[in-house]
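A.B. asks: So that we are looking at the same thing, I have put the structure below in structure tokens.
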Amino acid sequence: MDERATPPLVVEDLSFRYRIRPDYALRNVSFQLEAGEILLVAGASGCGKTTLIRCINGLIPRSYKGELDGRVLLNGEDISGKPLAAISQIVGTVLQDPERQILGSRVVNEVAFGLENLALPREEIVARVDETLAYLGITHLKHRETFYLSGGEKQKVAVAGTLAMRPSILLLDEPLASLDPASAQETLRLLRRLADEGKTVIIIEHRVEDVLKIAPDKALFMIDGEVRYFGPTAGLEKAIDYHEVKLPAPMIIDKARHDPPPSYVPPLLKGAEEKAGAPLVRFEDVSFAYEDGPLVLQEINLEIHRGDVIAVLGPNGAGKTTLVKHAIGLLKPKRGRVYVDGVDTRQLSVAQIARTIGYVFQSPSHMLFAPTVRDELAFGPRNLGYDQATLDEGVAQAMDILNLSELAEYSPLALSFGQQKRVSIAAILAMRSRILVMDEPTAGQDYKNYMAFMEAILQLPNFEVVLFITHDLDLAVCYANRVILMHEGRVAADGPPPEVLAQRELLERCRVVPTSLLAANLERLPQTGRFMRAELLAHVA
């Protein structure tokens with residue numbers, strides 16, 4: 001065969017079962033890609049997408065053990081006999097959770113890490129690092145400590161470390177999960193440019209609507225480890241169940257108008273009374289900076305009341321997570337005061353605040369450690385002193401809400417990123433705090449799962465406030481009754497979603513990109529009077 005015609009990637013009859021799991025994660029997966037093609041891989045959380053990537057980059061069976069059948073060919077060569085070092089020069093991988101990928105203490109060290117392992121000359125390493133940072137537009141991060149980067153900034157650094165190796169095949173597992181909408185669009189345009197330059201790109205992503213904007217050449221849809229569709233993206237709409245994978249709003253509206261309307265949970269907590277009395281959380285002229293760095297929060301004044309369902313939006317590095325960490329006592333203001341239930345957080349321990357506020361970290365790796373999912377969920381309630389009956393009831397309820405009952409005896413660290421994220425949310429639900437705070441709750445989640453658990457959470461009687469930090473604008477559209485928009489450490493806007501999200505210039509300044517669901521809701525707002533899910537908009541006259 002002419003070498004120039006050899007596909008850079010061929011997957012043949014690939015099946016794999018993890019040693020610690022009874023069921024196959026992949027079953028008879030076959031496809032091939034040409035140079036310069038982009039493949040979108042879609043499917044529910046836990047369907048085998050990440051396992052597929054691990055087979056292509058050689059981590060299976062070298063790091064993840066189990067039963068492997070079939071083969072992967074890179075440029076016509078079977079990778080089964082190749083060392084990981086050789087494979088990594090052909091295949092670059094950006095993981096779902098950048099926390100697991102970043103090793104260097106500073107950005108420059110992180111980007112240089114892979115190149116140093118290739119024993120390249122120092123001059124070439126320096127040149128490649130500078131070239132890659134400039135290519136991605138993050139030269140300003142070069143000497144920053146990676147520990148103090150935002151989740152989105154860490155994601156960009158992880159991409160830089162991979163691109164510096166100059167792989168011909170690029171695998172990206174949920175690359176948009178930690179990025180603000182504008183950064184996500186920039187990343188996708190970068191991936192299109194890389195493909196146009198000849199790289200083969202595989203993108204695993206739940207945010208299908210965003211990826212479709214760069215016109216992927218092919219799409220692969222998986223269910224329970226099997227390929228249910230592989231072909232042009234134009235055929236994806238017919239193959240996908242819109243209940244399982246989030247499609248653009250016009251597609252969902254067109255499909256859903258033929259189905260009965262779903263039950264709707266309005267953005268009001270079942271367990272909350274009308275807003276009255278003193279605020280549960282109050283920020284009073286709060287400013288904060290990490291060590292001797294610039295101010296991350298500047299003169300924040302806001303109150304959180306019973307009944308609030310708050311979406312915190314804004315660009316990477318705007319101070320969203322820093323704001324929340326002040327509420328839970330992990331950080332103390334440099335200036336100003338934060339009050340929880342009327343008490344200054346400087347007078348409270350993190351454990352004391354945890355009885356009022358439960359916090360789900362952005363990265364599940366910051367939370368999970370127990371041998372089983374059940375043990376993970378029981379840890380918090382046990383430390384809060386709950387009796388066994390209350391503990392068991394809370395654990396069972398949380399597992400049911402987050403669709404984890406079948407995984408109760410599994411190790412959390414053996415689960416997919418999306419499943420781990422659900423475990424981390426369930427662990428906080430089981431604690432039955434009065435206020436639930438979630439940082440990027442939809443990261444790694446398929447549409448069906450996150451819609452189900454958001455609606456269930458809003459119906460729980462113990463929560464008086466739910467606050468979520470998100471880059472998923474549609475999550476705010478569907479469930480928030482209040483939007484806080486942050487920009488450069490300040491509150492740029494705070495109010496009802498229809499008021500805040502109708503300000504296009506403000507959204508653009510805060511790097512929030514309007515979605516098709518927001519557009520559909522704004523168009524129908526005179527009839528509906530409120531924002532709705534696409535499935536409900538399908539039944540609006």
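Order determines the names: the first chain of the structure tokens is A, the second B, and so forth; residues in each chain are numbered 1 upward, and ligands are numbered 1 upward as they are shown.
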Select from range 76-191 of chain A everything DSSP, run on the backbone, classes as strand (DSSP E or B), then give the selection as a list in words.
C.D. replies: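 Here are the strand (DSSP E or B) residues of range 76-191 of chain A: Glu77, Asp78, Val91, Gly92, Thr93, Val94, Arg106, Glu145, Ile169, Leu170, Leu171, Leu172 and Asp173 of chain A.
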A.B. asks: Take the selection from the previous step and output its residues with C-alpha atoms, as a compact mmCIF listing (two decimals), in the first residue's frame.
C.D. replies:
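Contents of selection-v4.txt, freshly written:
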```
# COMPACT_ATOMS: atom_id res chain seq x y z
CA GLU A 77 1.73 -0.21 12.74
CA ASP A 78 0.18 -2.23 15.56
CA VAL A 91 -0.46 10.50 20.06
CA GLY A 92 -0.97 13.46 22.40
CA THR A 93 -3.67 13.29 25.08
CA VAL A 94 -5.42 16.03 27.03
CA ARG A 106 5.21 26.54 37.20
CA GLU A 145 2.54 28.83 39.67
CA ILE A 169 -2.84 12.57 16.49
CA LEU A 170 -4.49 14.59 19.25
CA LEU A 171 -6.97 13.08 21.73
CA LEU A 172 -9.01 15.44 23.90
CA ASP A 173 -11.28 14.14 26.66
```
A.B. asks: Skipping near chain neighbours, those fewer than 3 positions away, what residues fall within 12 Å of Leu103 in chain A using only C-alpha atoms, listed as a VMD selection string?
C.D. replies: chain A and resid 98 to 100 106 to 114 145 to 147 154 157 to 158 161
A.B. asks: Residues of range 80-195 of chain A that have any atom at most 12 Å from an atom of range 296-301 of chain A: could you tabulate them with the shortest-distance atom pair and the distance in Å to one decimal, using only C-alpha atoms, ordered by chain and increasing number, as JSON lines?
C.D. replies:
```
{"residue": "A:Tyr148", "atom": "CA", "partner": "A:Val296", "partner_atom": "CA", "distance": 10.8}
{"residue": "A:Leu149", "atom": "CA", "partner": "A:Val296", "partner_atom": "CA", "distance": 11.4}
{"residue": "A:Ser150", "atom": "CA", "partner": "A:Val296", "partner_atom": "CA", "distance": 10.9}
```
A.B. asks: If you run DSSP on this backbone, which residues of range 151-312 of chain A come out as helix (DSSP H, G or I), and could you give them as an NGL selection string?
C.D. replies: :A and (151-163 or 181-196 or 208-212 or 233-239 or 249-256)
A.B. asks: Excluding Thr528 in chain A and residues on its chain fewer than 6 positions from it, collect all residues at most 9 Å away from it, counting only C-alpha atoms, and give them as a PyMOL selection string.
C.D. replies: chain A and resi 521+537+540
A.B. asks: Taking N, CA and C atoms for each residue, export the selection above as an mmCIF file, in the first residue's frame.
C.D. replies:
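New file part-v5.cif:
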```
data_model
loop_
_atom_site.group_PDB
_atom_site.id
_atom_site.type_symbol
_atom_site.label_atom_id
_atom_site.label_comp_id
_atom_site.auth_asym_id
_atom_site.auth_seq_id
_atom_site.Cartn_x
_atom_site.Cartn_y
_atom_site.Cartn_z
ATOM 1 N N ASN A 521 -35.407 31.004 24.256
ATOM 2 C CA ASN A 521 -36.149 31.486 25.422
ATOM 3 C C ASN A 521 -36.433 32.973 25.354
ATOM 4 N N LEU A 537 -40.239 24.238 25.659
ATOM 5 C CA LEU A 537 -40.455 25.256 24.632
ATOM 6 C C LEU A 537 -41.112 24.662 23.388
ATOM 7 N N VAL A 540 -44.782 25.327 23.476
ATOM 8 C CA VAL A 540 -45.273 26.696 23.592
ATOM 9 C C VAL A 540 -45.844 27.111 22.253
#
```
A.B. asks: Of the residues A:Tyr479, A:Phe31, A:Tyr386, A:Phe369, which is the one nearest to Gln420 in chain A, using only C-alpha atoms?
C.D. replies: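 Closest residue, counting only C-alpha atoms: A:Phe369.
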A.B. asks: Would you mind listing what lies within 12 Å of Ala396 in chain A as a PyMOL selection string, with only C-alpha atoms counted and same-chain residues fewer than 2 positions away left out?
C.D. replies: chain A and resi 373-375+377-378+389-394+398-408+426-427+429-431
A.B. asks: Enumerate, in order of chain and increasing residue number, the residues of range 309-408 of chain A with an atom no farther than 8 Å from range 489-506 of chain A, each with its shortest atom pair and distance in Å to one decimal, counting only C-alpha atoms, as a tab-separated table.
C.D. replies:
```
residue	atom	partner	partner_atom	distance
A:Ala318	CA	A:Gly489	CA	5.1
A:Gly319	CA	A:Gly489	CA	5.1
A:Lys320	CA	A:Gly489	CA	7.9
```
A.B. asks: Which of these, A:Gly342, A:Gly225, A:Gly36, A:Pro175, has the shortest distance to Leu14 in chain A once you count only C-alpha atoms?
C.D. replies: A:Gly225
A.B. asks: Would you write out, as JSON lines, a table of all residues in range 234-260 of chain A that have an atom no more than 8 Å from an atom of range 207-220 of chain A, listing for each the closest atom pair and the distance in Å to one decimal, considering only C-alpha atoms and ordering rows by chain and rising residue number?
C.D. replies:
```
{"residue": "A:Leu236", "atom": "CA", "partner": "A:Ala219", "partner_atom": "CA", "distance": 6.8}
{"residue": "A:Val245", "atom": "CA", "partner": "A:Val208", "partner_atom": "CA", "distance": 7.9}
{"residue": "A:Lys246", "atom": "CA", "partner": "A:Val208", "partner_atom": "CA", "distance": 6.6}
{"residue": "A:Leu247", "atom": "CA", "partner": "A:Glu209", "partner_atom": "CA", "distance": 5.9}
{"residue": "A:Pro248", "atom": "CA", "partner": "A:Glu209", "partner_atom": "CA", "distance": 5.2}
```
A.B. asks: What lies within 9 Å of Glu67 in chain A using only C-alpha atoms, ignoring chain neighbours under 4 positions off, as an MDAnalysis selection string?
C.D. replies: chainID A and resid 15:19 24 61
A.B. asks: Show me, as a PyMOL selection string, the residues that have an atom within 10 Å of range 226-229 of chain A when counting only C-alpha atoms, minus same-chain residues fewer than 2 positions from it.
C.D. replies: chain A and resi 14-15+24-31+41-43+47-49+219-224+231-233+235-236+238-240
A.B. asks: Between A:Ala44, A:Ala327, A:Ile79, A:Leu313, which residue has the minimum interatomic distance to Tyr339 in chain A, considering only C-alpha atoms?
C.D. replies: A:Ala327
A.B. asks: Have a look at A:Pro441, A:Glu409, A:Leu518, A:Ile53 and name the one nearest to Ile457 in chain A; count only C-alpha atoms.
C.D. replies: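 Of A:Pro441, A:Glu409, A:Leu518, A:Ile53, the one nearest Ile457 in chain A is A:Pro441, counting only C-alpha atoms.
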A.B. asks: Quote the spacing between CA of Leu74 in chain A and CA of Val126 in chain A in Å to one decimal place.
C.D. replies: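 Pair CA of Leu74 in chain A / CA of Val126 in chain A returns 28.8 Å.
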A.B. asks: Between CA of Ile102 in chain A and CA of Glu376 in chain A, what is the distance, to one decimal in Å?
C.D. replies: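 CA of Glu376 in chain A lies 25.2 Å from CA of Ile102 in chain A.
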A.B. asks: To one decimal place, how far is CA of Val129 in chain A from CA of Ser63 in chain A in Å?
C.D. replies: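 Distance between the two atoms: 27.8 Å.
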